[in-house]
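Visitor: Pasting a structure below so you can have a look.
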Amino acid sequence: MRGANQARRSRTSRYRSVAALAVALAFTPAVAACGSSGNGATTVNVYYAPEEHFQQVVDQCNAKAGGRYNIVLNTLPRDADGQREQMVRRMAAGDTDIDILGLDVTWVAEFAEAGWITEWTGDNKTAAERDTIAGPLQTAKWKDKLYAATKNTNVQLLWYRDDLTPTPPTTWDEMTAAAKQLKDQGKPNQILMTGAQYEGLVVQYNTITASAGGNILSPDGTKAVLDAGAVKGLQVLHDFANSGLASPSLSNSFEGQVQLGFQAGNAAFELNWPYVYAAMNDPKKGNPEIAKHFKWTRYPGVNPGEPSKATIGGYDLAISSYSTHKPEAFDAALCLRSQESQKYSALCDGVPPTIDSIYQDTTDIAPCDPAKSQDRPNMAGAYPMKDTILDALKTAAVRPITPAYQNVSTVMATILSPPASIDPQATADRLRKELQDAIESKGVLP
Amino acid sequence: MSMQSDMSQSVIGADAVKRSGGRGKVVLSEGKKAERKLGLMLIAPAAIVMVAVTGWPIIYSVWLSLQRFDLRFPEKQAFVGLENYGTVLSNGYWWTAFGVTSLITVVSVVFELVLGMGLALIMHRTLVGRGLVRTVALIPYGIVTVVAAFSWRYAWTDGTGYLASLFGQDQALLTQRVPALAIIILAEVWKTVPFMALLLMAGLALVPEDLLKAAAMDGANGWQRFTKVMIPVMKPAILVALLFRTLDAFRIFDNIFILTSGAQNTSSVSMQTYNNLIKGLNLGIGATMAVLIFITVAIIAFVFVKLFGTAAPGSDQEGRR
C-alpha cells in the first residue's frame with residue numbers, strides 16, 4: 001500500500017516537473033524574443049569588437065536615452081575574421097536579434113550589397129556626416145549612399161628614434177638610405193613592417209601603391225587594373241624585402257611582433273598604427289629608454305615631394321536590415337559615435353576619432369579607470385601625434401571598395417607573401433587576373 | 001554508416017535463416033505477413049528521418065553546386081550547370097590543397113597503423129595495471145582536437161614554446177611549409193593513434209591463443225607468428241581501422257585551422273571549402289568543393305572495400321562483406 005502511494009507520489013511529482021519544464025521551455029523563447037528589458041525600454045543589441053571601455057560608452061548612452069531604449073553590448077571575437085564570420089552568419093540567416101553592427105571599414109560594401117544593412121537618410125545621415133573627416137566617411141559609403149556611421153579611424157605612421165635619425169625621412173628611398181648609413185655605422189638599422197600573409201601586408205601594399213599614384217582596382221571596384229603605380233608599389237616592396245634592412249622574420253611579422261621588435265632596440269624605423277605610442281610608454285611592457293627618443297612622422301611617400309597616402313583603418317556602425325526597432329537603433333548608434341563618445345574612446349581606448357573638432361579639443365575627461373589612476377586624460381596628453389594623424393587622414397587612401405573585399409584581401413595576401421619573392425611585372429599580371437576573378441566572385445579562394 | 005551496414009547484415013541473416021528453413025520459396029503465413037508489415041511500419045519513421053537528415057543535405061549541396069550563388073551578390077544568382085566544377089578543377093589552389101590533404105592522409109595513416117599496432121600489442125599483452133595502461137593510452141583521443149591543437153601551437157610558437165626552443169631561436173617552424181606540415185601530421189598521429197590501437201585491439205582479441213601456440217610448436221618465430229597468423233586473422237579489423245582513419249584523415253580540418261589556418265599552402269580541402277563557404281560566402285563554389293570531397297571519400301571507401309576486401313589472402317566471408 002505504502003509502496004503504491006509512494007509510486008503515485010513520485011509519478012505525480014515527475015509529471016509536475018515535466019510540466020514545469022514544458023512551461024519553462026514554452027516561455028523562455030518568448031521572453032528572450034520580445035526584446036524588452038524589465039523597465040519597458042526597447043533593447044538595442046550592439047555587436048562590436050572587444051574594446052576595453054566600450055561598455056562605459058554604452059552605459060553613458062543608456063543614461064542619456066532616458067528609458068527610451070536600452071543598449072546591450074555583445075562582444076565579438078578578438079580577431080577580425082571571427083568578428084566578420086559571426087555577423088555574416090547571423091545576417092545570412094536573417095537574425096532579428098541584432099540591431100547595430102560594428103563593421104571594420106572594409107566590410108561596409110559587402111554588407112550593403114548583400115542587403116544586410118540599412119541606408120542612412122534624412123536627419124540621421126546629416127548627423128552622421130556632420131564634422132566627419134572625409135577619408136573615414138568614404139569608408140561608410142557604398143555606391144554614393146551612406147550605409148554606416150564612422151565610429152573610429154586609424155592610420156599608420158612612421159615611427160623612428162630621434163637619437164639615430166634626427167631628421168626623419170619623407171620617402172622610401174630616403175628611409176632605406178638612412179637605414180643603410182646606420183648599418184654602415186654599426187647602429188640599429190632595421191626597418192620593421194607587417195609582412196606576414198594577412199591583411200596587414202595588404203594594408204602596406206595599398207598605402208605604397210596609393211602613395212605612388214597607382215590603383216589596384218578601378219574606382220568603382222569592378223575592374224582589377226594594377227596600373228603603373230601598382231607595379232611601382234610591388235617594386236618598392238620587393239626592393240625593401242631584399243635590401244637586407246628588413247627584419248629576418250619579415251614574412252612572419254604581425255603588428256605585435258613589429259612593436260616588440262622595435263622595443264628590443266635593433267630597429268631604426270617602424271611602420272605601424274598609433275597604438276604603439278602607448279605600448280612603448282607602458283611602464284611595465286614598454287621600453288622607457290627607447291620611449292624617450294620615440295618619435296613619429298607621416299608614412300614615407302614614394303615619389304619625392306609627394307606626401308604619402310596612408311591606408312585608413314577603423315570601425316563603422318551600421319544598422320541591420322532585419323532590426324525590428326530601427327529608429328531606436330539609429331539613435332543609439334548616433335549616441336555611440338557622438339563627439340563625446342568618440343572622445344572618451346579615443347582617450348581611454350586609444351582609437352583615433354573620426355570627428356574633426358575632437359582633434360582641437362583641449363578639455364580633459366574623468367579618469368578612465370578610477371581604481372587604477374586618477375589621471376584626467378586629454379587629447380594633447382594621450383595623442384601628442386594627433387596633428388600628424390589628422391594630416392595623414394586628410395590625404396589618406398581607402399582600401400579598394402568592393403563587396404568582395406574579403407576575396408580581394410585573401411588573394412592579395414597570398415600572392416604578395418613572401419614579399420621577397422615578388423617579381424613586380426609578373427606578380428602584377430597574376431594579381432590582375434586573380435583579383436578580377438575575386439571581385440566577380442568567380443575564382444577559388446586559397 | 002556502420003549502423004546501416006549492421007542493419008543490412010541482420011536483414012540478410014534473417015533471410016538466410018528463412019530460406020534454409022523453407023527450401024527455396026518463402027511462404028509466409030498470415031501472422032508472419034502482419035508481423036512483417038508491423039515491423040516495417042515501426043522502422044519507417046526512423047528510416048524516413050534518417051533519409052531526410054542525410055539525404056536532403058546531400059541533394060541540396062549538389063543543387064547548390066550547380067548554381068552561381070554568392071550571398072553578397074544575391075541578384076546574380078543563376079543556374080550555371082557544371083561551370084563551378086570547371087572552375088574548381090582547373091584551379092591551382094584546389095589541387096595544391098588536394099595534394100597536401102592526400103599527403104597528410106597517407107603519411108599520417110601509415111604512422112598511425114604502425115604505432116597503433118604497437119600500442120595495441122602493448123595494451124593486449126600488459127599483465128600489470130591493464131586498466132591503467134589502457135586509460136593512459138587513450139588520453140590523447142579523449143582530448144578535444146581543438147584544445148590539443150592549441151597546445152601544440154603554443155608549444156611550437158617561437159619564443160614561448162618549449163618545443164620550438166628545442167630547435168633553436170628565431171625559427172618560427174609553423175610559418176615554414178615543410179615543418180608546418182610535419183607538425184600537423186605529428187598532431188594528427190598523436191591524437192588518433194589510440195583510436196587506431198583501440199580498433200586493432202578488438203582485432204587482436206579475435207586471434208585464438210591455440211593458433212599462436214600451434215604456430216610456435218611448428219617453429220614459427222615471433223615475427224612469423226605476427227605476419228602469418230595474427231595479421232591474416234586480424235585483417236577485417238585492420239581494414240575497418242584503416243578505412244575509418246583514411247576517411248577521417250582526408251577530412252582533416254581542426255588541426256590545420258588552429259595550427260596554421262592554411263597559410264604557406266598548408267590548406268586542406270576541408271579548410272578551403274570552409275574558406276570559400278564561410279569567409280567567401282560563395283555557396284556555389286563551396287558546395288562544389290563539398291561534393292568533390294564527398295566523391296573522393298566515396299571513392300576511397302569503394303577502393304578499400306572492393307580492392308583490399310576481396311584480393312587479400314586469407315579473406316573469407318567477413319573480408320568480402
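Each chain of the C-alpha cells is named A, B, ... in the order shown, its residues numbered from 1; ligands are numbered from 1 in display order.
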At a cut-off of 8 Å, which residues of chain A touch chain B? Count only C-alpha atoms and give the answer as a ChimeraX atom specification.

Guide: /A:81,85,89,92,110-111,113-114,197,249,252,403-404,406-407,441-446

Visitor: If you count only C-alpha atoms, which residues fall within 12 Å of B:Thr135, apart from same-chain ones fewer than 5 positions away, as a list in words?

Guide: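 The contact residues come out as Met123, Gly129, Arg130, Pro140, Tyr141, Gly142, Pro194, Phe195 and Leu198 of chain B.
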
Visitor: Which neighbours of A:Leu146 fall inside 12 Å, counting only C-alpha atoms, when residues of the same chain fewer than 2 positions from it are skipped, and could you give them as a PyMOL selection string?

Guide: chain A and resi 108-109+112+117-122+124-129+136-144+148-150+316-319

Visitor: Grab the residues selected above and save them as a PDB file, in the first residue's frame with C-alpha atoms.

Guide:
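Final output, saved to selection21.pdb:
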```
ATOM      1  CA  VAL A 108      30.638  48.036 -45.355  1.00  0.00           C
ATOM      2  CA  ALA A 109      30.357  47.479 -49.114  1.00  0.00           C
ATOM      3  CA  ALA A 112      25.429  46.856 -48.078  1.00  0.00           C
ATOM      4  CA  ILE A 117      22.405  46.888 -43.571  1.00  0.00           C
ATOM      5  CA  THR A 118      20.088  49.871 -43.912  1.00  0.00           C
ATOM      6  CA  GLU A 119      20.883  53.090 -45.716  1.00  0.00           C
ATOM      7  CA  TRP A 120      21.246  56.221 -43.581  1.00  0.00           C
ATOM      8  CA  THR A 121      18.944  59.005 -44.770  1.00  0.00           C
ATOM      9  CA  GLY A 122      17.492  62.331 -43.661  1.00  0.00           C
ATOM     10  CA  ASN A 124      20.308  60.532 -39.286  1.00  0.00           C
ATOM     11  CA  LYS A 125      22.511  60.964 -42.360  1.00  0.00           C
ATOM     12  CA  THR A 126      23.086  64.650 -41.639  1.00  0.00           C
ATOM     13  CA  ALA A 127      24.038  63.854 -38.055  1.00  0.00           C
ATOM     14  CA  ALA A 128      26.400  61.059 -39.089  1.00  0.00           C
ATOM     15  CA  GLU A 129      28.166  63.248 -41.661  1.00  0.00           C
ATOM     16  CA  PRO A 136      36.841  57.873 -42.925  1.00  0.00           C
ATOM     17  CA  LEU A 137      33.416  58.986 -44.184  1.00  0.00           C
ATOM     18  CA  GLN A 138      34.204  57.482 -47.573  1.00  0.00           C
ATOM     19  CA  THR A 139      34.590  54.044 -45.941  1.00  0.00           C
ATOM     20  CA  ALA A 140      30.975  54.219 -44.737  1.00  0.00           C
ATOM     21  CA  LYS A 141      29.610  54.719 -48.246  1.00  0.00           C
ATOM     22  CA  TRP A 142      28.734  52.296 -50.988  1.00  0.00           C
ATOM     23  CA  LYS A 143      27.552  53.443 -54.421  1.00  0.00           C
ATOM     24  CA  ASP A 144      27.284  57.029 -53.150  1.00  0.00           C
ATOM     25  CA  ALA A 148      27.138  53.360 -41.772  1.00  0.00           C
ATOM     26  CA  ALA A 149      28.337  55.981 -39.314  1.00  0.00           C
ATOM     27  CA  THR A 150      32.047  56.196 -38.634  1.00  0.00           C
ATOM     28  CA  ASP A 316      31.886  51.933 -38.628  1.00  0.00           C
ATOM     29  CA  LEU A 317      28.468  51.343 -37.071  1.00  0.00           C
ATOM     30  CA  ALA A 318      25.668  50.031 -39.299  1.00  0.00           C
ATOM     31  CA  ILE A 319      22.003  49.250 -38.695  1.00  0.00           C
TER      32      ILE A 319
END
```

Visitor: One decimal, Å: what's the distance from atom CA of A:Leu201 over to atom CA of A:Ala310, could you say?

Guide: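 Distance between the two atoms: 13.2 Å.
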
Visitor: Under the rule that only C-alpha atoms are counted, which of B:Leu103, B:Ala44, B:Met234, B:Leu64 is the nearest residue to B:Thr266?

Guide: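 Among the listed residues, B:Leu103 lies closest to B:Thr266.
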
Visitor: What is the atom CA of A:Thr132-atom CA of A:Arg337 distance in Å, reported with one decimal?

Guide: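 Atom CA of A:Arg337 lies 10.7 Å from atom CA of A:Thr132.
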
Visitor: Name all residues at most 12 Å from A:Asp361 (count only C-alpha atoms; drop same-chain ones fewer than 4 positions away) and give them as a list of chain:residue names.

Guide: A:Gln339, A:Glu340, A:Gln342, A:Lys343, A:Tyr344, A:Ala346, A:Leu347, A:Pro353, A:Ile355, A:Asp356, A:Ser357, A:Ile365, A:Pro377, A:Asn378, A:Met379, A:Ala380, A:Gly381, A:Ala382, A:Tyr383, A:Lys386, A:Asp387

Visitor: Closest to A:Arg68 among A:Glu52, A:Ile100, A:Gly40, A:Gly350, using only C-alpha atoms?

Guide: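 Counting only C-alpha atoms, the residue closest to A:Arg68 is A:Gly40.
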
Visitor: Tell me, which residues of stretch 133-300 of chain B carry DSSP helix (DSSP H, G or I), written as a ChimeraX atom specification?

Guide: /B:133-142,145-156,164-167,173-175,177-204,209-217,222-250,254-259,269-279,283-300

Visitor: For A:His238, please output as a PyMOL selection string all residues within 8 Å (counting only C-alpha atoms; exclusion window: fewer than 3 positions along the same chain).

Guide: chain A and resi 234-235+241-242+419-424

Visitor: Go through A:Ala80, A:Ala392, A:Val58, A:Leu73 one by one, measure the shortest atom-to-atom distance of each to A:Leu334 using only C-alpha atoms, and give the residue with the smallest value.

Guide: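 When distances to A:Leu334 are compared using only C-alpha atoms, the smallest one comes from A:Val58.
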
Visitor: Just how far from atom CA of A:Arg84 is atom CA of A:Met193, in Å to one decimal?

Guide: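 Result for atom CA of A:Met193 versus atom CA of A:Arg84: 24.8 Å, one decimal.
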
Visitor: Hey, what's within 8 Å of A:Phe294 if we count only C-alpha atoms and toss same-chain stuff fewer than 4 positions away? As an NGL selection string, please?

Guide: :A and (159-162 or 277 or 290)

Visitor: Selection from above, C-alpha atoms, as a PDB file, in the first residue's frame, can you write it?

Guide:
```
ATOM      1  CA  TRP A 159      57.922  55.718 -36.014  1.00  0.00           C
ATOM      2  CA  TYR A 160      61.630  56.454 -35.575  1.00  0.00           C
ATOM      3  CA  ARG A 161      64.258  57.234 -32.979  1.00  0.00           C
ATOM      4  CA  ASP A 162      65.499  60.796 -32.947  1.00  0.00           C
ATOM      5  CA  TYR A 277      52.984  55.063 -28.682  1.00  0.00           C
ATOM      6  CA  ILE A 290      63.703  53.995 -26.291  1.00  0.00           C
TER       7      ILE A 290
END
```

Visitor: When you look at B:Ser102 with a cut-off of 12 Å (counting only C-alpha atoms), what residues show up, excluding the ones that are within fewer than 6 positions of it in the same chain? I need them as an MDAnalysis selection string.

Guide: chainID B and resid 95:96 108:109 181 185 246:252 266:270 293 296:297 300

Visitor: Next, write the just-selected residues to a file, as a CSV table (one decimal), in the first residue's frame, keeping C-alpha atoms as the atom set.

Guide:
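Below you can see out.csv, which holds the result:
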```
chain,number,residue,atom,x,y,z
B,95,TRP,CA,45.0,20.9,-56.4
B,96,THR,CA,47.6,22.2,-54.0
B,108,SER,CA,49.6,10.1,-41.0
B,109,VAL,CA,47.6,6.8,-41.6
B,181,LEU,CA,53.1,20.1,-42.4
B,185,ILE,CA,50.9,15.3,-39.1
B,246,THR,CA,41.7,7.3,-44.0
B,247,LEU,CA,38.2,8.8,-44.4
B,248,ASP,CA,38.7,10.8,-41.2
B,249,ALA,CA,42.2,12.0,-42.2
B,250,PHE,CA,41.1,13.1,-45.6
B,251,ARG,CA,38.6,15.5,-44.0
B,252,ILE,CA,41.2,17.0,-41.7
B,266,THR,CA,49.1,24.1,-45.8
B,267,SER,CA,45.4,24.3,-46.5
B,268,SER,CA,43.4,21.1,-46.7
B,269,VAL,CA,40.4,20.6,-49.0
B,270,SER,CA,38.1,21.0,-46.0
B,293,ILE,CA,35.2,15.8,-51.2
B,296,THR,CA,36.7,11.4,-53.2
B,297,VAL,CA,35.7,9.9,-49.8
B,300,ILE,CA,38.3,5.8,-51.1
```
